[in-house]
>>> print(open('protein05.cif').read())   # mmCIF, C-alpha atoms and all ligand atoms
data_model
#
loop_
_atom_site.label_atom_id
_atom_site.label_comp_id
_atom_site.auth_asym_id
_atom_site.auth_seq_id
_atom_site.Cartn_x
_atom_site.Cartn_y
_atom_site.Cartn_z
CA MET A 1 6.35 -46.03 -44.24
CA THR A 2 4.56 -42.69 -44.03
CA ASN A 3 4.89 -40.51 -40.99
CA GLU A 4 1.25 -41.06 -40.14
CA HIS A 5 1.85 -44.76 -39.42
CA SER A 6 5.32 -44.62 -37.83
CA ASP A 7 6.01 -44.30 -34.10
CA ASN A 8 8.15 -41.23 -34.70
CA PRO A 9 6.64 -37.83 -33.90
CA PRO A 10 5.48 -35.95 -37.03
CA VAL A 11 8.18 -33.77 -38.55
CA VAL A 12 7.23 -30.10 -38.14
CA LYS A 13 9.04 -27.68 -40.41
CA PRO A 14 10.59 -24.63 -38.63
CA ASN A 15 8.15 -22.13 -40.15
CA GLU A 16 5.18 -24.40 -39.27
CA PHE A 17 6.56 -24.62 -35.73
CA LEU A 18 6.74 -20.83 -35.44
CA LEU A 19 3.22 -20.52 -36.83
CA THR A 20 1.90 -23.09 -34.30
CA LEU A 21 3.67 -21.21 -31.52
CA GLU A 22 2.24 -17.89 -32.68
CA LEU A 23 -1.28 -19.33 -32.95
CA SER A 24 -1.02 -20.85 -29.44
CA GLN A 25 0.19 -17.50 -28.12
CA MET A 26 -2.74 -15.72 -29.82
CA ALA A 27 -5.23 -18.20 -28.37
CA LEU A 28 -3.75 -17.76 -24.87
CA ASP A 29 -3.71 -13.96 -25.18
CA SER A 30 -7.33 -13.82 -26.33
CA ALA A 31 -8.31 -15.93 -23.32
CA ASN A 32 -6.31 -13.51 -21.14
CA VAL A 33 -4.17 -16.41 -19.99
CA GLY A 34 -0.42 -16.20 -19.37
CA ILE A 35 2.19 -18.95 -19.54
CA TRP A 36 5.21 -19.49 -17.31
CA VAL A 37 8.15 -21.84 -16.91
CA LEU A 38 10.05 -22.52 -13.70
CA ASP A 39 13.40 -24.31 -13.71
CA ALA A 40 12.87 -26.70 -10.81
CA LEU A 41 16.63 -26.89 -10.09
CA SER A 42 17.67 -23.24 -10.18
CA MET A 43 14.14 -21.90 -9.49
CA LYS A 44 14.66 -19.48 -12.40
CA PHE A 45 11.23 -18.13 -13.33
CA LEU A 46 10.27 -17.29 -16.92
CA PRO A 47 6.80 -15.75 -17.16
CA SER A 48 5.28 -14.58 -20.46
CA ASN A 49 4.39 -10.89 -20.79
CA ARG A 50 0.73 -11.69 -20.05
CA SER A 51 1.75 -13.57 -16.89
CA LYS A 52 3.79 -10.56 -15.75
CA ILE A 53 0.81 -8.26 -16.31
CA LEU A 54 -1.52 -10.64 -14.43
CA PHE A 55 0.92 -10.62 -11.50
CA GLY A 56 0.89 -6.79 -11.52
CA PHE A 57 4.25 -6.20 -13.26
CA SER A 58 4.95 -4.57 -16.58
CA PRO A 59 6.20 -6.65 -19.55
CA GLN A 60 9.63 -4.97 -19.33
CA ASP A 61 10.17 -6.03 -15.69
CA GLU A 62 12.66 -8.81 -14.98
CA ILE A 63 10.97 -10.81 -12.26
CA SER A 64 12.08 -13.72 -10.11
CA PHE A 65 9.93 -16.46 -8.56
CA ASP A 66 10.20 -14.65 -5.19
CA ASP A 67 9.03 -11.35 -6.77
CA ALA A 68 5.90 -13.12 -8.02
CA LEU A 69 5.36 -14.78 -4.62
CA LEU A 70 5.57 -11.42 -2.87
CA LYS A 71 2.60 -10.19 -4.90
CA ILE A 72 0.42 -12.90 -3.34
CA THR A 73 -1.38 -11.89 -0.14
CA GLU A 74 0.38 -13.00 3.03
CA LYS A 75 -2.34 -15.47 3.97
CA TYR A 76 -1.96 -17.40 0.69
CA ARG A 77 1.78 -16.97 0.03
CA ARG A 78 2.92 -19.96 2.10
CA ARG A 79 0.15 -22.15 0.69
CA VAL A 80 1.24 -21.38 -2.88
CA LEU A 81 4.91 -22.05 -2.08
CA ILE A 82 4.06 -25.36 -0.39
CA ALA A 83 1.80 -26.40 -3.30
CA VAL A 84 4.51 -25.60 -5.88
CA GLU A 85 7.24 -27.38 -3.89
CA LYS A 86 5.00 -30.41 -3.40
CA ALA A 87 4.03 -30.63 -7.08
CA ILE A 88 7.73 -30.42 -8.08
CA LYS A 89 8.78 -33.03 -5.51
CA LEU A 90 5.99 -35.49 -6.33
CA HIS A 91 5.88 -34.73 -10.08
CA SER A 92 2.17 -34.09 -9.64
CA ASN A 93 -0.09 -31.44 -11.15
CA LEU A 94 -0.43 -28.01 -9.58
CA TYR A 95 -3.75 -26.19 -9.27
CA ILE A 96 -4.12 -23.29 -6.90
CA GLU A 97 -6.19 -20.12 -6.63
CA CYS A 98 -4.77 -17.07 -4.85
CA PRO A 99 -5.36 -13.32 -4.42
CA ILE A 100 -2.76 -10.80 -5.67
CA ILE A 101 -2.09 -7.38 -4.18
CA ILE A 102 -2.42 -4.64 -6.80
CA PRO A 103 -2.26 -1.35 -4.83
CA GLU A 104 -4.26 0.63 -7.40
CA GLU A 105 -7.13 -1.92 -7.57
CA LYS A 106 -9.88 -1.74 -4.92
CA VAL A 107 -10.41 -5.49 -4.64
CA HIS A 108 -7.80 -8.24 -4.75
CA ARG A 109 -7.17 -9.72 -8.16
CA TRP A 110 -7.64 -13.50 -8.04
CA LEU A 111 -5.48 -15.76 -10.17
CA SER A 112 -5.70 -19.47 -10.88
CA ILE A 113 -2.33 -21.12 -11.44
CA THR A 114 -1.95 -24.55 -13.01
CA GLY A 115 1.28 -26.35 -13.76
CA GLY A 116 3.13 -29.61 -14.19
CA PHE A 117 6.05 -31.34 -15.90
CA ALA A 118 5.60 -32.27 -19.57
CA ALA A 119 4.44 -35.90 -19.68
CA SER A 120 6.45 -36.52 -22.89
CA ASP A 121 9.80 -35.51 -21.34
CA THR A 122 10.45 -37.20 -18.01
CA THR A 123 14.03 -35.90 -17.77
CA SER A 124 13.21 -32.20 -18.02
CA ASN A 125 13.50 -29.85 -15.03
CA TYR A 126 11.05 -27.42 -16.56
CA PHE A 127 7.91 -27.08 -14.52
CA SER A 128 5.48 -24.99 -16.54
CA GLY A 129 1.87 -23.91 -16.63
CA ILE A 130 -0.68 -21.22 -17.16
CA VAL A 131 -2.08 -18.40 -15.08
CA ALA A 132 -5.57 -16.90 -15.51
CA ASP A 133 -7.54 -14.04 -13.99
CA ILE A 134 -10.57 -15.42 -12.10
CA THR A 135 -11.48 -12.23 -10.17
CA GLU A 136 -14.97 -11.97 -11.64
CA GLN A 137 -15.80 -15.58 -10.81
CA LYS A 138 -14.46 -15.09 -7.26
CA GLN A 139 -16.57 -11.95 -6.76
CA ASN A 140 -19.68 -13.79 -7.91
CA ASP A 141 -18.79 -16.57 -5.46
CA LEU A 142 -18.46 -13.99 -2.70
CA ARG A 143 -21.84 -12.40 -3.45
CA ARG A 144 -23.44 -15.84 -3.54
CA SER A 145 -21.82 -16.91 -0.30
CA LYS A 146 -22.88 -13.68 1.47
CA PHE A 147 -26.45 -14.46 0.45
CA ILE A 148 -26.10 -18.07 1.63
CA GLY A 149 -24.69 -16.79 4.94
CA ILE A 150 -27.69 -14.55 5.58
CA VAL A 151 -30.26 -17.19 4.60
CA SER A 152 -28.56 -19.93 6.65
CA HIS A 153 -28.37 -17.69 9.68
CA GLU A 154 -32.12 -16.97 9.43
CA LEU A 155 -32.90 -20.69 9.04
CA LYS A 156 -30.73 -21.78 11.95
CA THR A 157 -32.72 -20.03 14.68
CA PRO A 158 -36.12 -21.71 14.04
CA LEU A 159 -34.43 -25.05 13.44
CA THR A 160 -32.59 -24.88 16.77
CA THR A 161 -35.92 -24.14 18.50
CA LEU A 162 -37.50 -27.08 16.67
CA LYS A 163 -34.67 -29.34 17.88
CA ALA A 164 -35.22 -28.24 21.49
CA TYR A 165 -38.98 -28.99 21.24
CA VAL A 166 -38.30 -32.41 19.71
CA GLN A 167 -36.02 -33.21 22.66
CA MET A 168 -38.69 -32.05 25.14
CA LEU A 169 -41.38 -34.13 23.43
CA ASN A 170 -38.98 -37.06 23.40
CA SER A 171 -38.60 -37.08 27.19
CA TRP A 172 -42.37 -36.65 27.58
CA ALA A 173 -43.05 -39.65 25.25
CA GLN A 174 -40.48 -41.70 27.18
CA LYS A 175 -42.33 -41.03 30.42
CA GLN A 176 -45.63 -41.98 28.73
CA LYS A 177 -43.98 -45.09 27.26
CA ASP A 178 -45.52 -44.02 23.94
CA ASN A 179 -43.47 -46.05 21.46
CA PHE A 180 -45.24 -44.76 18.36
CA THR A 181 -44.48 -41.10 19.24
CA LEU A 182 -40.92 -42.05 20.24
CA GLY A 183 -40.35 -43.67 16.82
CA ALA A 184 -41.81 -40.70 14.95
CA LEU A 185 -39.78 -38.20 17.01
CA SER A 186 -36.59 -40.12 16.36
CA LYS A 187 -37.22 -39.73 12.60
CA VAL A 188 -37.90 -35.98 13.03
CA GLU A 189 -34.71 -35.62 15.09
CA LYS A 190 -32.63 -37.33 12.36
CA GLN A 191 -33.92 -34.94 9.71
CA VAL A 192 -33.45 -31.89 11.97
CA LYS A 193 -29.86 -33.00 12.67
CA LYS A 194 -29.19 -33.42 8.94
CA MET A 195 -30.59 -29.96 8.24
CA LEU A 196 -28.62 -28.34 11.08
CA ASN A 197 -25.47 -29.98 9.82
CA MET A 198 -26.09 -28.64 6.31
CA ILE A 199 -26.82 -25.16 7.65
CA ASN A 200 -23.66 -25.18 9.78
CA SER A 201 -21.65 -26.17 6.67
CA LEU A 202 -23.22 -23.33 4.68
CA LEU A 203 -22.54 -20.84 7.49
CA ASN A 204 -18.91 -21.96 7.71
CA LEU A 205 -18.65 -21.81 3.93
CA SER A 206 -19.79 -18.22 3.76
CA GLY A 207 -17.42 -17.31 6.63
CA ALA A 208 -14.50 -19.09 4.95
CA GLU A 209 -15.12 -17.55 1.53
CA ALA A 210 -15.25 -14.09 3.07
CA GLY A 211 -11.97 -14.87 4.89
CA LYS A 212 -13.77 -14.56 8.23
CA MET A 213 -13.63 -17.95 9.87
CA HIS A 214 -13.30 -17.36 13.60
CA LEU A 215 -12.12 -20.02 16.00
CA THR A 216 -13.53 -20.38 19.51
CA ARG A 217 -10.92 -22.49 21.23
CA GLN A 218 -11.44 -24.70 24.26
CA THR A 219 -9.67 -27.73 25.72
CA PHE A 220 -11.59 -30.94 25.13
CA SER A 221 -11.17 -34.70 24.78
CA LEU A 222 -10.69 -35.70 21.14
CA ASN A 223 -11.69 -39.31 21.90
CA GLU A 224 -14.96 -38.20 23.40
CA LEU A 225 -15.71 -36.02 20.37
CA ILE A 226 -14.91 -38.87 17.94
CA ASN A 227 -17.23 -41.22 19.86
CA GLU A 228 -20.00 -38.59 19.77
CA VAL A 229 -19.57 -38.11 16.01
CA ILE A 230 -19.65 -41.88 15.43
CA GLU A 231 -22.85 -42.14 17.46
CA GLU A 232 -24.46 -39.26 15.51
CA THR A 233 -23.34 -40.66 12.15
CA LEU A 234 -24.74 -44.10 12.98
CA PHE A 235 -27.97 -42.44 14.16
CA VAL A 236 -28.41 -40.59 10.86
CA THR A 237 -27.07 -43.30 8.48
CA ALA A 238 -26.48 -46.77 9.89
CA THR A 239 -25.08 -48.18 6.64
CA HIS A 240 -21.51 -48.97 7.73
CA GLU A 241 -19.58 -50.43 10.61
CA ILE A 242 -17.36 -47.75 12.17
CA LEU A 243 -14.27 -49.03 13.98
CA PHE A 244 -12.46 -46.87 16.51
CA SER A 245 -10.35 -48.00 19.40
CA THR A 246 -7.86 -45.92 21.33
CA SER A 247 -6.63 -46.28 24.85
CA GLU A 248 -5.14 -42.87 25.53
CA ASN A 249 -7.37 -39.89 26.29
CA ILE A 250 -6.14 -37.05 24.07
CA LEU A 251 -6.85 -33.48 25.14
CA ILE A 252 -6.58 -30.79 22.47
CA ASN A 253 -7.08 -27.06 22.45
CA ALA A 254 -9.13 -26.22 19.35
CA ASP A 255 -12.56 -25.10 18.14
CA ARG A 256 -14.68 -28.13 19.16
CA ASP A 257 -17.63 -27.41 16.84
CA LYS A 258 -15.37 -26.93 13.83
CA VAL A 259 -13.29 -30.06 14.50
CA GLU A 260 -16.63 -31.87 14.87
CA GLN A 261 -17.63 -30.57 11.44
CA VAL A 262 -14.38 -31.94 9.94
CA LEU A 263 -15.02 -35.37 11.47
CA VAL A 264 -18.69 -35.36 10.39
CA ASN A 265 -17.73 -34.42 6.79
CA LEU A 266 -14.95 -37.00 6.51
CA LEU A 267 -17.04 -39.77 8.05
CA SER A 268 -20.09 -39.03 5.94
CA ASN A 269 -17.90 -38.95 2.78
CA ALA A 270 -16.34 -42.29 3.75
CA ALA A 271 -19.87 -43.70 3.98
CA LYS A 272 -21.12 -41.94 0.83
CA TYR A 273 -18.27 -43.09 -1.42
CA SER A 274 -18.07 -46.75 -0.29
CA ASN A 275 -20.45 -49.70 -0.49
CA THR A 276 -23.01 -50.34 2.25
CA GLY A 277 -21.72 -52.82 4.81
CA THR A 278 -18.01 -52.11 4.27
CA PRO A 279 -16.08 -50.98 7.38
CA ILE A 280 -14.77 -47.49 8.09
CA GLU A 281 -11.83 -47.20 10.45
CA ILE A 282 -10.80 -44.19 12.53
CA THR A 283 -7.26 -44.04 13.90
CA VAL A 284 -5.63 -41.52 16.20
CA GLU A 285 -1.86 -41.20 16.66
CA LEU A 286 -0.26 -38.95 19.23
CA SER A 287 3.29 -37.68 18.66
CA GLU A 288 5.02 -34.95 20.68
CA ASN A 289 2.75 -31.92 20.41
CA LYS A 290 0.44 -33.00 17.63
CA VAL A 291 -2.21 -35.56 16.85
CA THR A 292 -2.90 -37.29 13.51
CA VAL A 293 -6.41 -38.53 12.81
CA GLY A 294 -7.08 -40.94 9.92
CA ILE A 295 -10.42 -41.97 8.42
CA ARG A 296 -10.12 -44.99 6.15
CA ASP A 297 -12.76 -46.44 3.86
CA LEU A 298 -12.72 -49.34 1.42
CA GLY A 299 -14.64 -47.41 -1.21
CA MET A 300 -14.20 -46.34 -4.82
CA GLY A 301 -10.96 -44.38 -4.28
CA ILE A 302 -9.84 -41.20 -6.00
CA HIS A 303 -7.72 -40.80 -9.11
CA ALA A 304 -4.28 -39.21 -8.50
CA SER A 305 -5.04 -36.40 -10.96
CA GLU A 306 -8.11 -35.34 -8.92
CA ILE A 307 -6.42 -35.23 -5.52
CA GLU A 308 -5.00 -31.68 -5.82
CA LYS A 309 -8.43 -30.26 -6.66
CA LEU A 310 -10.53 -32.05 -4.02
CA PHE A 311 -10.04 -29.36 -1.40
CA LEU A 312 -11.14 -26.50 -3.68
CA PRO A 313 -14.61 -24.99 -3.15
CA HIS A 314 -17.41 -26.63 -5.17
CA TYR A 315 -15.11 -29.25 -6.70
CA ARG A 316 -16.73 -32.63 -7.33
CA VAL A 317 -15.19 -35.63 -9.10
CA GLU A 318 -17.15 -36.41 -12.23
CA ARG A 319 -17.12 -40.16 -12.76
CA GLU A 320 -19.79 -42.65 -13.65
CA GLU A 321 -19.79 -43.96 -10.06
CA THR A 322 -20.19 -40.50 -8.49
CA GLU A 323 -22.96 -39.34 -10.84
CA LYS A 324 -25.80 -40.46 -8.58
CA ILE A 325 -24.18 -39.42 -5.27
CA LYS A 326 -25.52 -36.05 -4.15
CA GLY A 327 -23.31 -33.27 -2.83
CA PHE A 328 -22.31 -29.61 -3.15
CA GLY A 329 -18.54 -30.12 -3.26
CA ILE A 330 -17.94 -27.95 -0.21
CA GLY A 331 -17.27 -30.55 2.52
CA LEU A 332 -13.56 -31.05 1.86
CA TYR A 333 -12.99 -27.35 1.19
CA LEU A 334 -14.42 -26.60 4.63
CA CYS A 335 -12.34 -29.35 6.26
CA SER A 336 -9.21 -27.88 4.72
CA GLU A 337 -10.10 -24.29 5.75
CA ILE A 338 -10.80 -25.41 9.33
CA ILE A 339 -7.60 -27.46 9.63
CA VAL A 340 -5.43 -24.76 8.05
CA ARG A 341 -6.94 -22.13 10.42
CA HIS A 342 -5.78 -24.41 13.26
CA GLU A 343 -2.30 -24.45 11.69
CA GLY A 344 -2.70 -28.12 10.87
CA LYS A 345 -2.54 -30.13 7.68
CA ILE A 346 -5.00 -32.31 5.75
CA TRP A 347 -4.36 -34.74 2.89
CA VAL A 348 -5.57 -37.97 1.33
CA GLU A 349 -3.96 -41.21 0.22
CA SER A 350 -6.08 -43.22 -2.17
CA VAL A 351 -6.12 -46.17 -4.56
CA ILE A 352 -8.77 -46.41 -7.26
CA GLY A 353 -11.09 -49.26 -6.30
CA GLY A 354 -9.15 -49.86 -3.08
CA GLY A 355 -10.41 -47.05 -0.85
CA SER A 356 -9.10 -43.83 0.64
CA ILE A 357 -7.62 -42.61 3.86
CA PHE A 358 -8.15 -38.95 4.72
CA LYS A 359 -5.70 -37.75 7.37
CA PHE A 360 -5.38 -34.53 9.30
CA ILE A 361 -2.87 -33.24 11.81
CA LEU A 362 -3.83 -30.84 14.59
CA PRO A 363 -1.40 -29.22 17.00
CA LEU A 364 -2.39 -30.09 20.59
CA ASN A 365 -2.16 -26.41 21.57
P1 LIG A 401 -19.33 -33.67 -1.99
O1 LIG A 401 -19.19 -34.99 -1.31
O2 LIG A 401 -20.47 -32.89 -1.49
O3 LIG A 401 -19.29 -33.78 -3.47
P2 LIG A 401 -16.74 -32.95 -0.85
O4 LIG A 401 -16.05 -31.63 -0.89
O5 LIG A 401 -17.01 -33.54 0.48
O6 LIG A 401 -18.08 -32.75 -1.65
O7 LIG A 401 -15.91 -33.96 -1.71
C1 LIG A 401 -15.40 -33.57 -2.99
C2 LIG A 401 -15.25 -34.79 -3.90
O8 LIG A 401 -14.24 -35.64 -3.38
C3 LIG A 401 -16.51 -35.65 -3.95
O9 LIG A 401 -17.36 -35.20 -4.97
C4 LIG A 401 -15.95 -37.04 -4.22
O10 LIG A 401 -15.85 -37.28 -5.59
C5 LIG A 401 -14.54 -37.00 -3.62
N1 LIG A 401 -14.49 -37.72 -2.33
C6 LIG A 401 -14.57 -37.19 -1.09
N2 LIG A 401 -14.42 -38.13 -0.14
C7 LIG A 401 -14.22 -39.29 -0.80
C8 LIG A 401 -14.00 -40.65 -0.37
N3 LIG A 401 -13.93 -40.98 0.92
N4 LIG A 401 -13.84 -41.58 -1.35
C9 LIG A 401 -13.90 -41.25 -2.66
N5 LIG A 401 -14.10 -40.00 -3.13
C10 LIG A 401 -14.26 -39.03 -2.21
#
>>> encode(input="protein05.cif", output="structure tokens")
Amino acid sequence: MTNEHSDNPPVVKPNEFLLTLELSQMALDSANVGIWVLDALSMKFLPSNRSKILFGFSPQDEISFDDALLKITEKYRRRVLIAVEKAIKLHSNLYIECPIIIPEEKVHRWLSITGGFAASDTTSNYFSGIVADITEQKQNDLRRSKFIGIVSHELKTPLTTLKAYVQMLNSWAQKQKDNFTLGALSKVEKQVKKMLNMINSLLNLSGAEAGKMHLTRQTFSLNELINEVIEETLFVTATHEILFSTSENILINADRDKVEQVLVNLLSNAAKYSNTGTPIEITVELSENKVTVGIRDLGMGIHASEIEKLFLPHYRVEREETEKIKGFGIGLYLCSEIIVRHEGKIWVESVIGGGSIFKFILPLN
């Protein structure tokens, strides 16, 4: 039997192997991409020369995993460590973007880091991947988001005035018992609410991308907020049944508008990515000093390989089923930024074809 038809891997002669390795190295170097290996047991870190340079070291430097971590800005360091630990523990893929401190460079250098265990060797402890410089792309994103921030801010003022006039006209039409005007105004109000919601998302996006998301904390009832969001969602799109029942009134200290935005985004996604008529369930669990909120749908579900990337800016799953569903890919990124700013946590559990449950934890104080 020839090698081509056997189940054995093709035999590669040593010199062919070296040539393949050299060619791969050349391809990676020309793309300005570095490779690295991390022994998941000893945490011994083996970066290629290009990886060392990308992290701000020289090729001669002997660097440990902690040395590389210390180059990452303080805000992102913990996130990277958690992401790496999680990917190792769950044997999942790693994808993270983070800024690096290079004292002699005016702006932070941004790196994208991907990694995973080799699928062909399930016994290996070697977690490996590639690192690439994405500074230019990040700076373009920043310029674009500054522009979006300015435009959204300018659009918000007239739209808020429009909303106030619609509400005034609404009470006038109610007094007149003018059902035609009431019906028309209700449609205007729905569209104004949709636009305001989009503008608020864009404003938060530009704040988050510039690292300037400010929280205005207040103490409020989470149950009341959830009921308000359900009412608004049903007003704008009454395509699903939304189930929510909780007995205990939960008071939290957080930014009410931003938590509202998280709930609006997760609820509208649950409706967008599941069939009309299927139920959506909201659950709230209180434990010690934190609360966990879950939003479950019976929709299309998300593939395990996509889960790590969902919370990145502008990431959208490209599948036949999602092709016709509109979106910018910023909703989940914003949810994650808002929850992380509150020192909480957000994640998703999902089964393809069986639905998804997005959960987030918020500290009560
Ligand atoms: P958008 O919905 O605008 O594309 P998001 O950031 O809100 O952006 O979501 C990112 C991607 O995550 C979506 O494109 C979609 O593929 C997937 N997604 C989000 N929520 C769900 C859900 N409840 N069920 C299935 N897929 C989802």
>>> residues_near_ligand(input="protein05.cif", ligand="ligand LIG 401 (chain A)", cutoff="7 Å", atoms="only C-alpha atoms and all ligand atoms", output="VMD selection string")
chain A and resid 265 to 266 269 to 270 273 to 274 297 299 to 302 310 to 311 314 to 318 322 326 to 333 355 to 356
>>> residues_near_point(input="protein05.cif", point="(-1.3, -0.6, -10.4)", cutoff="12 Å", atoms="only C-alpha atoms", output="VMD selection string")
chain A and resid 53 to 58 71 100 to 109
>>> residues_around(input="protein05.cif", residues="A:Asp141", least_positions_apart="2", cutoff="12 Å", atoms="all atoms listed in the file", output="PDB file with C-alpha atoms, keeping the file's coordinate frame")
ATOM      1  CA  TRP A 110      -7.640 -13.500  -8.040  1.00  0.00           C
ATOM      2  CA  ILE A 134     -10.570 -15.420 -12.100  1.00  0.00           C
ATOM      3  CA  THR A 135     -11.480 -12.230 -10.170  1.00  0.00           C
ATOM      4  CA  GLU A 136     -14.970 -11.970 -11.640  1.00  0.00           C
ATOM      5  CA  GLN A 137     -15.800 -15.580 -10.810  1.00  0.00           C
ATOM      6  CA  LYS A 138     -14.460 -15.090  -7.260  1.00  0.00           C
ATOM      7  CA  GLN A 139     -16.570 -11.950  -6.760  1.00  0.00           C
ATOM      8  CA  ARG A 143     -21.840 -12.400  -3.450  1.00  0.00           C
ATOM      9  CA  ARG A 144     -23.440 -15.840  -3.540  1.00  0.00           C
ATOM     10  CA  SER A 145     -21.820 -16.910  -0.300  1.00  0.00           C
ATOM     11  CA  LYS A 146     -22.880 -13.680   1.470  1.00  0.00           C
ATOM     12  CA  PHE A 147     -26.450 -14.460   0.450  1.00  0.00           C
ATOM     13  CA  ILE A 148     -26.100 -18.070   1.630  1.00  0.00           C
ATOM     14  CA  GLY A 149     -24.690 -16.790   4.940  1.00  0.00           C
ATOM     15  CA  LEU A 205     -18.650 -21.810   3.930  1.00  0.00           C
ATOM     16  CA  SER A 206     -19.790 -18.220   3.760  1.00  0.00           C
ATOM     17  CA  ALA A 208     -14.500 -19.090   4.950  1.00  0.00           C
ATOM     18  CA  GLU A 209     -15.120 -17.550   1.530  1.00  0.00           C
ATOM     19  CA  ALA A 210     -15.250 -14.090   3.070  1.00  0.00           C
ATOM     20  CA  PRO A 313     -14.610 -24.990  -3.150  1.00  0.00           C
ATOM     21  CA  HIS A 314     -17.410 -26.630  -5.170  1.00  0.00           C
TER      22      HIS A 314
END
>>> atom_distance(input="protein05.cif", atom1="atom CA of A:Ile361", atom2="atom CA of A:Ile339")
7.8 Å
>>> residues_around(input="protein05.cif", residues="A:Leu69", least_positions_apart="6", cutoff="9 Å", atoms="all atoms listed in the file", output="PDB file with C-alpha atoms, in the coordinates of the input")
ATOM      1  CA  ARG A  77       1.780 -16.970   0.030  1.00  0.00           C
ATOM      2  CA  ARG A  78       2.920 -19.960   2.100  1.00  0.00           C
ATOM      3  CA  VAL A  80       1.240 -21.380  -2.880  1.00  0.00           C
ATOM      4  CA  LEU A  81       4.910 -22.050  -2.080  1.00  0.00           C
TER       5      LEU A  81
END
